[in-house]
Every structure is written in C-alpha cells, then in structure tokens.
$ cat entry.pdb   # PDB, C-alpha atoms
ATOM      1  CA  MET A 198      69.893 219.193 150.064
ATOM      2  CA  ALA A 199      69.034 216.388 147.649
ATOM      3  CA  ASN A 200      68.737 212.725 148.729
ATOM      4  CA  MET A 201      69.698 209.835 146.451
ATOM      5  CA  SER A 202      66.569 207.858 147.237
ATOM      6  CA  ASP A 203      64.393 210.876 146.490
ATOM      7  CA  ALA A 204      66.124 211.459 143.161
ATOM      8  CA  ARG A 205      65.081 208.058 141.845
ATOM      9  CA  GLY A 206      61.415 208.379 142.720
ATOM     10  CA  PRO A 207      58.609 208.492 140.147
ATOM     11  CA  LEU A 208      58.451 211.515 137.898
ATOM     12  CA  SER A 209      55.494 213.773 137.411
ATOM     13  CA  PRO A 210      53.919 213.820 133.960
ATOM     14  CA  GLY A 211      55.717 216.072 131.533
ATOM     15  CA  LEU A 212      59.162 215.946 133.245
ATOM     16  CA  PRO A 213      62.215 214.645 131.337
ATOM     17  CA  HIS A 214      63.287 210.987 131.637
ATOM     18  CA  PRO A 215      65.352 210.284 134.810
ATOM     19  CA  PRO A 216      69.120 209.659 134.580
ATOM     20  CA  GLY A 217      70.314 206.086 134.043
ATOM     21  CA  ALA A 218      72.163 203.726 136.406
ATOM     22  CA  ASP A 219      75.581 204.796 135.102
ATOM     23  CA  PHE A 220      74.892 208.381 136.134
ATOM     24  CA  TRP A 221      74.033 207.372 139.705
ATOM     25  CA  ARG A 222      77.143 205.170 139.976
ATOM     26  CA  ARG A 223      79.286 208.191 139.135
ATOM     27  CA  ILE A 224      77.404 210.274 141.684
ATOM     28  CA  ARG A 225      77.997 207.665 144.450
ATOM     29  CA  ARG A 226      81.738 207.734 143.755
ATOM     30  CA  SER A 227      81.826 211.543 143.825
ATOM     31  CA  GLU A 228      83.638 213.274 146.668
ATOM     32  CA  HIS A 229      80.667 215.622 146.983
ATOM     33  CA  LEU A 230      78.347 212.816 148.125
ATOM     34  CA  THR A 231      78.048 212.553 151.931
ATOM     35  CA  ASP A 232      75.702 210.103 153.699
ATOM     36  CA  ASP A 233      73.926 209.315 150.451
ATOM     37  CA  ALA A 234      73.112 213.010 149.926
ATOM     38  CA  PHE A 235      74.631 216.092 148.263
ATOM     39  CA  THR A 236      74.046 219.834 148.505
ATOM     40  CA  VAL A 237      73.110 222.007 145.545
ATOM     41  CA  ARG A 238      74.234 225.639 145.786
ATOM     42  CA  CYS A 239      72.348 228.382 143.939
ATOM     43  CA  ASP A 240      73.771 231.894 143.580
ATOM     44  CA  VAL A 241      71.261 234.707 143.082
ATOM     45  CA  VAL A 242      72.552 238.046 141.756
ATOM     46  CA  ILE A 243      70.406 241.097 142.533
ATOM     47  CA  ILE A 244      70.879 244.075 140.203
ATOM     48  CA  ASN A 245      70.056 247.403 141.815
ATOM     49  CA  GLU A 246      69.468 249.143 138.497
ATOM     50  CA  ILE A 247      65.938 248.622 137.291
ATOM     51  CA  ARG A 248      65.392 248.855 133.570
ATOM     52  CA  ILE A 249      61.984 249.951 132.458
ATOM     53  CA  GLU A 250      61.213 249.903 128.770
ATOM     54  CA  ASP A 251      58.349 251.971 127.509
ATOM     55  CA  ALA A 252      55.704 250.009 125.781
ATOM     56  CA  PRO A 253      55.327 250.883 122.106
ATOM     57  CA  THR A 254      52.841 253.652 121.520
ATOM     58  CA  VAL A 255      49.651 252.409 119.980
ATOM     59  CA  ARG A 256      48.372 255.070 117.621
ATOM     60  CA  ASN A 257      44.723 255.468 116.954
ATOM     61  CA  PRO A 258      44.168 255.057 113.200
ATOM     62  CA  PHE A 259      41.332 257.590 113.269
ATOM     63  CA  VAL A 260      43.097 260.425 115.157
ATOM     64  CA  THR A 261      46.259 262.120 113.855
ATOM     65  CA  VAL A 262      48.095 264.586 116.089
ATOM     66  CA  PRO A 263      50.005 267.151 113.976
ATOM     67  CA  GLN A 264      53.391 268.662 114.802
ATOM     68  CA  SER A 265      53.470 271.571 117.227
ATOM     69  CA  ASN A 266      52.771 274.911 115.556
ATOM     70  CA  LEU A 267      54.129 277.056 118.383
ATOM     71  CA  ILE A 268      56.975 278.367 116.213
ATOM     72  CA  GLN A 269      54.524 279.377 113.497
ATOM     73  CA  HIS A 270      52.365 281.250 115.987
ATOM     74  CA  LEU A 271      55.323 283.102 117.486
ATOM     75  CA  GLY A 272      56.496 284.036 113.998
ATOM     76  CA  ASP A 273      53.039 285.369 113.192
ATOM     77  CA  LEU A 274      53.125 287.345 116.424
ATOM     78  CA  LEU A 275      56.408 288.999 115.412
ATOM     79  CA  ARG A 276      55.212 289.778 111.883
ATOM     80  CA  SER A 277      51.759 291.033 112.859
ATOM     81  CA  LYS A 278      53.063 293.134 115.802
ATOM     82  CA  LYS A 279      49.873 292.224 117.639
ATOM     83  CA  GLY A 280      50.173 293.016 121.330
ATOM     84  CA  ALA A 281      53.674 294.474 120.933
ATOM     85  CA  ASP A 282      54.637 296.695 123.851
ATOM     86  CA  MET A 283      58.113 297.862 122.863
ATOM     87  CA  VAL A 284      59.901 299.125 119.751
ATOM     88  CA  PHE A 285      63.535 298.777 118.726
ATOM     89  CA  GLU A 286      64.630 301.743 116.639
ATOM     90  CA  VAL A 287      67.699 301.057 114.508
ATOM     91  CA  GLY A 288      68.587 303.909 112.195
ATOM     92  CA  GLY A 289      65.491 304.413 110.082
ATOM     93  CA  ASP A 290      64.053 300.957 110.827
ATOM     94  CA  THR A 291      61.760 299.966 113.662
ATOM     95  CA  PHE A 292      60.948 296.532 115.099
ATOM     96  CA  SER A 293      57.889 296.025 117.293
ATOM     97  CA  VAL A 294      58.465 293.343 119.917
ATOM     98  CA  HIS A 295      56.970 291.786 123.035
ATOM     99  CA  ARG A 296      58.813 292.233 126.312
ATOM    100  CA  CYS A 297      57.688 288.899 127.729
ATOM    101  CA  VAL A 298      59.069 286.976 124.735
ATOM    102  CA  LEU A 299      62.432 288.746 124.928
ATOM    103  CA  ALA A 300      62.632 288.172 128.673
ATOM    104  CA  ALA A 301      61.742 284.490 128.327
ATOM    105  CA  ARG A 302      64.522 283.919 125.801
ATOM    106  CA  SER A 303      67.316 286.079 127.192
ATOM    107  CA  PRO A 304      68.353 286.522 130.839
ATOM    108  CA  VAL A 305      69.884 289.872 129.877
ATOM    109  CA  PHE A 306      66.619 291.121 128.386
ATOM    110  CA  SER A 307      64.819 289.769 131.442
ATOM    111  CA  ALA A 308      67.053 291.756 133.794
ATOM    112  CA  GLU A 309      66.880 294.907 131.674
ATOM    113  CA  LEU A 310      63.110 294.822 131.214
ATOM    114  CA  PHE A 311      61.825 293.348 134.472
ATOM    115  CA  GLY A 312      64.685 292.940 136.931
ATOM    116  CA  ALA A 313      67.110 295.051 138.925
ATOM    117  CA  MET A 314      68.665 296.435 135.719
ATOM    118  CA  LYS A 315      65.332 297.877 134.592
ATOM    119  CA  GLU A 316      65.715 301.522 133.693
ATOM    120  CA  GLY A 317      63.289 304.192 134.832
ATOM    121  CA  GLY A 318      60.452 305.386 132.611
ATOM    122  CA  SER A 319      58.219 303.467 130.276
ATOM    123  CA  GLY A 320      60.992 302.579 127.830
ATOM    124  CA  SER A 321      58.558 301.727 125.041
ATOM    125  CA  ILE A 322      61.101 302.862 122.418
ATOM    126  CA  VAL A 323      64.662 301.550 122.604
ATOM    127  CA  ARG A 324      67.178 303.157 120.270
ATOM    128  CA  VAL A 325      69.952 300.795 119.203
ATOM    129  CA  ALA A 326      73.018 302.661 117.974
ATOM    130  CA  ASP A 327      75.672 299.934 117.860
ATOM    131  CA  MET A 328      73.890 297.338 115.694
ATOM    132  CA  GLU A 329      72.795 297.171 112.076
ATOM    133  CA  ALA A 330      69.117 296.696 111.312
ATOM    134  CA  ARG A 331      69.734 293.339 109.613
ATOM    135  CA  VAL A 332      71.502 292.069 112.740
ATOM    136  CA  VAL A 333      68.589 293.104 114.959
ATOM    137  CA  LYS A 334      66.193 291.449 112.508
ATOM    138  CA  ALA A 335      68.180 288.197 112.607
ATOM    139  CA  LEU A 336      68.426 288.363 116.393
ATOM    140  CA  LEU A 337      64.660 288.758 116.750
ATOM    141  CA  SER A 338      64.044 285.973 114.250
ATOM    142  CA  PHE A 339      66.072 283.624 116.418
ATOM    143  CA  VAL A 340      64.390 284.824 119.619
ATOM    144  CA  TYR A 341      60.901 284.201 118.242
ATOM    145  CA  ILE A 342      61.252 281.196 115.933
ATOM    146  CA  ASP A 343      64.674 279.630 116.640
ATOM    147  CA  SER A 344      65.925 280.216 113.101
ATOM    148  CA  LEU A 345      67.762 282.840 111.080
ATOM    149  CA  PRO A 346      66.688 284.571 107.860
ATOM    150  CA  GLU A 347      68.344 283.421 104.655
ATOM    151  CA  THR A 348      71.326 285.407 103.333
ATOM    152  CA  GLU A 349      72.183 284.866  99.680
ATOM    153  CA  ASP A 350      75.476 286.778  99.519
ATOM    154  CA  GLU A 351      78.147 284.303 100.682
ATOM    155  CA  GLU A 352      80.726 286.991 101.463
ATOM    156  CA  ASP A 353      78.136 289.074 103.287
ATOM    157  CA  GLN A 354      77.269 286.088 105.481
ATOM    158  CA  GLY A 355      80.678 286.184 107.135
ATOM    159  CA  THR A 356      80.273 289.806 108.227
ATOM    160  CA  MET A 357      76.698 289.155 109.275
ATOM    161  CA  PHE A 358      77.627 286.236 111.524
ATOM    162  CA  GLN A 359      80.489 288.194 113.083
ATOM    163  CA  GLN A 360      78.102 290.946 114.161
ATOM    164  CA  LEU A 361      75.401 288.489 115.179
ATOM    165  CA  LEU A 362      77.859 286.579 117.360
ATOM    166  CA  VAL A 363      78.661 289.793 119.232
ATOM    167  CA  ALA A 364      74.944 290.461 119.731
ATOM    168  CA  ALA A 365      74.300 286.876 120.873
ATOM    169  CA  ASP A 366      77.038 287.146 123.478
ATOM    170  CA  ARG A 367      75.744 290.524 124.619
ATOM    171  CA  TYR A 368      72.258 289.131 125.308
ATOM    172  CA  ASP A 369      73.453 285.737 126.582
ATOM    173  CA  LEU A 370      71.890 283.723 123.771
ATOM    174  CA  GLY A 371      74.257 280.783 124.049
ATOM    175  CA  TRP A 372      72.732 278.614 121.343
ATOM    176  CA  LEU A 373      72.745 281.453 118.821
ATOM    177  CA  LYS A 374      76.348 282.207 119.708
ATOM    178  CA  LEU A 375      77.341 278.607 118.965
ATOM    179  CA  ILE A 376      75.459 278.703 115.667
ATOM    180  CA  CYS A 377      77.413 281.816 114.672
ATOM    181  CA  GLU A 378      80.676 280.166 115.709
ATOM    182  CA  GLU A 379      79.916 277.149 113.548
ATOM    183  CA  LYS A 380      78.971 279.333 110.576
ATOM    184  CA  LEU A 381      82.107 281.454 110.909
ATOM    185  CA  CYS A 382      84.310 278.351 110.881
ATOM    186  CA  ALA A 383      83.369 278.033 107.203
ATOM    187  CA  HIS A 384      84.258 281.684 106.490
ATOM    188  CA  ILE A 385      87.843 281.703 107.731
ATOM    189  CA  ASP A 386      90.437 282.721 105.155
ATOM    190  CA  VAL A 387      93.554 284.913 105.048
ATOM    191  CA  PHE A 388      91.375 288.018 104.781
ATOM    192  CA  THR A 389      89.082 287.270 107.741
ATOM    193  CA  ALA A 390      91.175 285.191 110.157
ATOM    194  CA  ALA A 391      92.696 288.160 112.008
ATOM    195  CA  THR A 392      89.340 289.902 112.451
ATOM    196  CA  ILE A 393      87.677 286.722 113.649
ATOM    197  CA  LEU A 394      90.513 286.097 116.114
ATOM    198  CA  VAL A 395      89.912 289.516 117.674
ATOM    199  CA  ILE A 396      86.215 288.694 118.059
ATOM    200  CA  VAL A 397      86.825 285.271 119.602
ATOM    201  CA  GLU A 398      89.240 286.725 122.139
ATOM    202  CA  GLN A 399      86.719 289.359 123.201
ATOM    203  CA  HIS A 400      83.772 286.963 123.359
ATOM    204  CA  HIS A 401      85.458 283.723 124.474
ATOM    205  CA  CYS A 402      84.686 281.503 121.485
ATOM    206  CA  HIS A 403      87.064 278.633 122.159
ATOM    207  CA  GLY A 404      86.051 276.345 119.300
ATOM    208  CA  LEU A 405      86.237 279.120 116.716
ATOM    209  CA  LYS A 406      89.594 280.226 118.086
ATOM    210  CA  LYS A 407      91.044 276.730 117.670
ATOM    211  CA  THR A 408      89.726 276.617 114.108
ATOM    212  CA  CYS A 409      91.404 279.952 113.294
ATOM    213  CA  ILE A 410      94.714 278.854 114.786
ATOM    214  CA  GLU A 411      94.581 275.559 112.914
ATOM    215  CA  PHE A 412      93.919 277.437 109.669
ATOM    216  CA  LEU A 413      96.793 279.865 110.227
ATOM    217  CA  SER A 414      99.173 277.040 111.102
ATOM    218  CA  THR A 415      98.547 275.351 107.743
ATOM    219  CA  PRO A 416     101.018 276.701 105.147
ATOM    220  CA  VAL A 417      98.845 275.610 102.217
ATOM    221  CA  SER A 418      95.898 277.668 103.469
ATOM    222  CA  VAL A 419      98.014 280.772 103.948
ATOM    223  CA  SER A 420      99.790 280.482 100.610
ATOM    224  CA  LYS A 421      96.528 280.087  98.669
ATOM    225  CA  PRO A 422      94.184 282.889  99.721
ATOM    226  CA  ALA A 423      90.554 282.762  98.728
ATOM    227  CA  ASP A 424      89.522 284.651  95.609
ATOM    228  CA  HIS A 425      87.754 287.841  96.672
ATOM    229  CA  GLY A 426      87.548 289.256  93.171
TER
END

$ encode --input "entry.pdb" --output "structure tokens"
Amino acid sequence: MANMSDARGPLSPGLPHPPGADFWRRIRRSEHLTDDAFTVRCDVVIINEIRIEDAPTVRNPFVTVPQSNLIQHLGDLLRSKKGADMVFEVGGDTFSVHRCVLAARSPVFSAELFGAMKEGGSGSIVRVADMEARVVKALLSFVYIDSLPETEDEEDQGTMFQQLLVAADRYDLGWLKLICEEKLCAHIDVFTAATILVIVEQHHCHGLKKTCIEFLSTPVSVSKPADHG
C-alpha cells in the first residue's frame, strides 16, 4: 500500500523527478484513493517450462577435432576381410563378413546368428540362393557404411532397387527399405508400375504404393510411355 505523504518525500540520487502538483490532484480525486492511500496490485506469472540455452561452444584455435572416421574404418573392415567369421556364398561370388556387425545392424541377423533362431552347427558359410550377388554386395555396403554402391545404368537401377527393397524388408533394415522406396518412385512408368505394385503389396510400402496409384490415375502418364529403346 502506498501513502500520499510518503510519495512526496525526498528522492534518492539517481531516481527520476517526482510527479508535479497536477498529478497528485488527479490522484486525490480518484475513486481508488481511500484514506489518503491507494493499493498497487502486482501480478506475477510463473512459467513451469524452463528454457535452457546452451552457451556457444568456444573452440580452441590450436586444436581441431576432425569428423568421425567410423564409417571409413567399417568400410576398410569389410574390404580387408580382417577378422571375418562368416562367408556369404552367392553363385560363384563370396562375401566375408563379421557376425557382430550384421547382428548390430539387423534384428533378423541378430536372431539368426545369436538368438533363438540360430541354427545348429558352425554356420561359417551361408549359401544364398534367392539373391543376386550385386544385391548382397549393396546390402552389405549399407550394413557397414550406410551407403550404396553407384550404379551407372539407369534402367538397371530400377531392377536393382526392387530386389534390394525385398532384401531390406527380409532383414528388417527399415532405413534401407525407405531409401529403396524413394528411389523406385523415380522409376515408375507403364512398364514397371505393375511389377512395383506387386512388390509394395507384398512388403507393405505405403508411400510407394500411393505413388504408383497416382501415376496410373494420370492419363497423360499412361498415354506417353517412357522410351525403352
């Protein structure tokens, strides 16, 4: 509560100049003034959410920390075959791999190699009969270094990504499956749409399915097939 007599007292050094006589006359006539005093109400809002901003990182000008080279090391491990404890045999090609890397990246590999689905025997050689060697190579490239090998043939890419999508779904590599879906969206034409639709139905690729249906529902796309030579 503020008192009128207190309000007109001397000011401390540095405070603004006090209000004039006209101001106090208006205050005395105010309905809020009672017994030469008035009450000042202050509302305080407390916000439960606390915002903490990280202070900017101060970098030492004499020490430079390079980017992580984990991917490079894993790629070297795949290429060098050092410490490999299992071999994929695909036709006449073989791929030496590391069980722990496969298990870390794929829950299906983990169950097959170390879990309840583990088959009897040493299983150091695994013969793959339902996959092409290039698909296995691309699959392993993704498992080890999170990227796929380059494919120059544009038409061949479509077939490659169809097969790789099936493999990704088989081994529960969700990110790779989405990458294949995205790639296949650019390879839909009147020659491939039906085949891709069969794949998406079997492997539950909802985004790719919608893209196929949208393509087939566009008369211009159907009436102007891509040139396949």

$ resolve_selection --input "entry.pdb" --expression "the PyMOL selection byres ((chain A and resi 383) around 12)" --output "JSON list (two decimals) with C-alpha atoms, in the frame of the given file"
[["chain", "number", "residue", "atom", "x", "y", "z"],
["A", 351, "GLU", "CA", 78.15, 284.30, 100.68],
["A", 352, "GLU", "CA", 80.73, 286.99, 101.46],
["A", 354, "GLN", "CA", 77.27, 286.09, 105.48],
["A", 355, "GLY", "CA", 80.68, 286.18, 107.14],
["A", 358, "PHE", "CA", 77.63, 286.24, 111.52],
["A", 376, "ILE", "CA", 75.46, 278.70, 115.67],
["A", 377, "CYS", "CA", 77.41, 281.82, 114.67],
["A", 378, "GLU", "CA", 80.68, 280.17, 115.71],
["A", 379, "GLU", "CA", 79.92, 277.15, 113.55],
["A", 380, "LYS", "CA", 78.97, 279.33, 110.58],
["A", 381, "LEU", "CA", 82.11, 281.45, 110.91],
["A", 382, "CYS", "CA", 84.31, 278.35, 110.88],
["A", 384, "HIS", "CA", 84.26, 281.68, 106.49],
["A", 385, "ILE", "CA", 87.84, 281.70, 107.73],
["A", 386, "ASP", "CA", 90.44, 282.72, 105.16],
["A", 389, "THR", "CA", 89.08, 287.27, 107.74],
["A", 390, "ALA", "CA", 91.18, 285.19, 110.16],
["A", 393, "ILE", "CA", 87.68, 286.72, 113.65],
["A", 405, "LEU", "CA", 86.24, 279.12, 116.72],
["A", 408, "THR", "CA", 89.73, 276.62, 114.11],
["A", 409, "CYS", "CA", 91.40, 279.95, 113.29],
["A", 412, "PHE", "CA", 93.92, 277.44, 109.67]]

$ resolve_selection --input "entry.pdb" --expression "the PyMOL selection byres ((chain A and resi 368) around 9)" --output "list in words"
Ser303, Pro304, Val305, Phe306, Val363, Ala364, Ala365, Asp366, Arg367, Asp369, Leu370 and Gly371 of chain A

$ closest_residue --input "entry.pdb" --among "A:Asn257, A:Asn245, A:Thr231, A:Ser338" --to "A:Asp273" --atoms "all atoms listed in the file"
A:Ser338

$ atom_distance --input "entry.pdb" --atom1 "atom CA of A:Lys334" --atom2 "atom CA of A:His400"
21.1 Å

$ resolve_selection --input "entry.pdb" --expression "the PyMOL selection byres ((chain A and resi 326) around 8)" --output "list in words"
Val287, Gly288, Arg324, Val325, Asp327 and Met328 of chain A

$ residues_around --input "entry.pdb" --residues "A:Asp282" --least-positions-apart "3" --cutoff "7 Å" --atoms "all atoms listed in the file" --output "list of chain:residue names"
A:Val294, A:His295, A:Arg296, A:Ser321

$ atom_distance --input "entry.pdb" --atom1 "atom CA of A:Arg223" --atom2 "atom CA of A:Cys239"
21.9 Å

$ residues_around --input "entry.pdb" --residues "A:Leu271" --least-positions-apart "5" --cutoff "9 Å" --atoms "all atoms listed in the file" --output "ChimeraX atom specification"
/A:266,276,341-342

$ closest_residue --input "entry.pdb" --among "A:Ser293, A:Asp251, A:Ser344, A:Phe339" --to "A:Ser277" --atoms "all atoms listed in the file"
A:Ser293

$ atom_distance --input "entry.pdb" --atom1 "atom CA of A:Lys374" --atom2 "atom CA of A:Leu299"
16.2 Å

$ residues_around --input "entry.pdb" --residues "A:Asp353" --least-positions-apart "3" --cutoff "12 Å" --atoms "all atoms listed in the file" --output "PyMOL selection string"
chain A and resi 331-332+347-350+356-360+381+384+389+425

$ closest_residue --input "entry.pdb" --among "A:Leu310, A:Phe292, A:Val397, A:Arg302" --to "A:Ala335" --atoms "all atoms listed in the file"
A:Phe292

$ build_atoms --input "entry.pdb" --residues "stretch 222-233 of chain A" --atoms "N, CA and C atoms" --output "CSV table (one decimal), in the frame of the given file"
chain,number,residue,atom,x,y,z
A,222,ARG,N,75.9,205.8,139.5
A,222,ARG,CA,77.1,205.2,140.0
A,222,ARG,C,78.2,206.2,140.1
A,223,ARG,N,78.3,207.1,139.1
A,223,ARG,CA,79.3,208.2,139.1
A,223,ARG,C,79.0,209.1,140.3
A,224,ILE,N,77.7,209.4,140.6
A,224,ILE,CA,77.4,210.3,141.7
A,224,ILE,C,77.8,209.7,143.0
A,225,ARG,N,77.6,208.3,143.2
A,225,ARG,CA,78.0,207.7,144.4
A,225,ARG,C,79.5,207.7,144.7
A,226,ARG,N,80.3,207.7,143.6
A,226,ARG,CA,81.7,207.7,143.8
A,226,ARG,C,82.3,209.2,143.9
A,227,SER,N,81.4,210.1,143.8
A,227,SER,CA,81.8,211.5,143.8
A,227,SER,C,82.2,211.9,145.2
A,228,GLU,N,83.2,212.8,145.4
A,228,GLU,CA,83.6,213.3,146.7
A,228,GLU,C,82.6,214.2,147.3
A,229,HIS,N,81.7,214.7,146.5
A,229,HIS,CA,80.7,215.6,147.0
A,229,HIS,C,79.5,214.9,147.6
A,230,LEU,N,79.4,213.6,147.5
A,230,LEU,CA,78.3,212.8,148.1
A,230,LEU,C,78.7,212.4,149.6
A,231,THR,N,77.8,212.8,150.5
A,231,THR,CA,78.0,212.6,151.9
A,231,THR,C,76.8,212.0,152.5
A,232,ASP,N,76.9,210.8,153.1
A,232,ASP,CA,75.7,210.1,153.7
A,232,ASP,C,74.6,210.0,152.7
A,233,ASP,N,74.9,209.6,151.5
A,233,ASP,CA,73.9,209.3,150.5
A,233,ASP,C,73.1,210.6,150.1
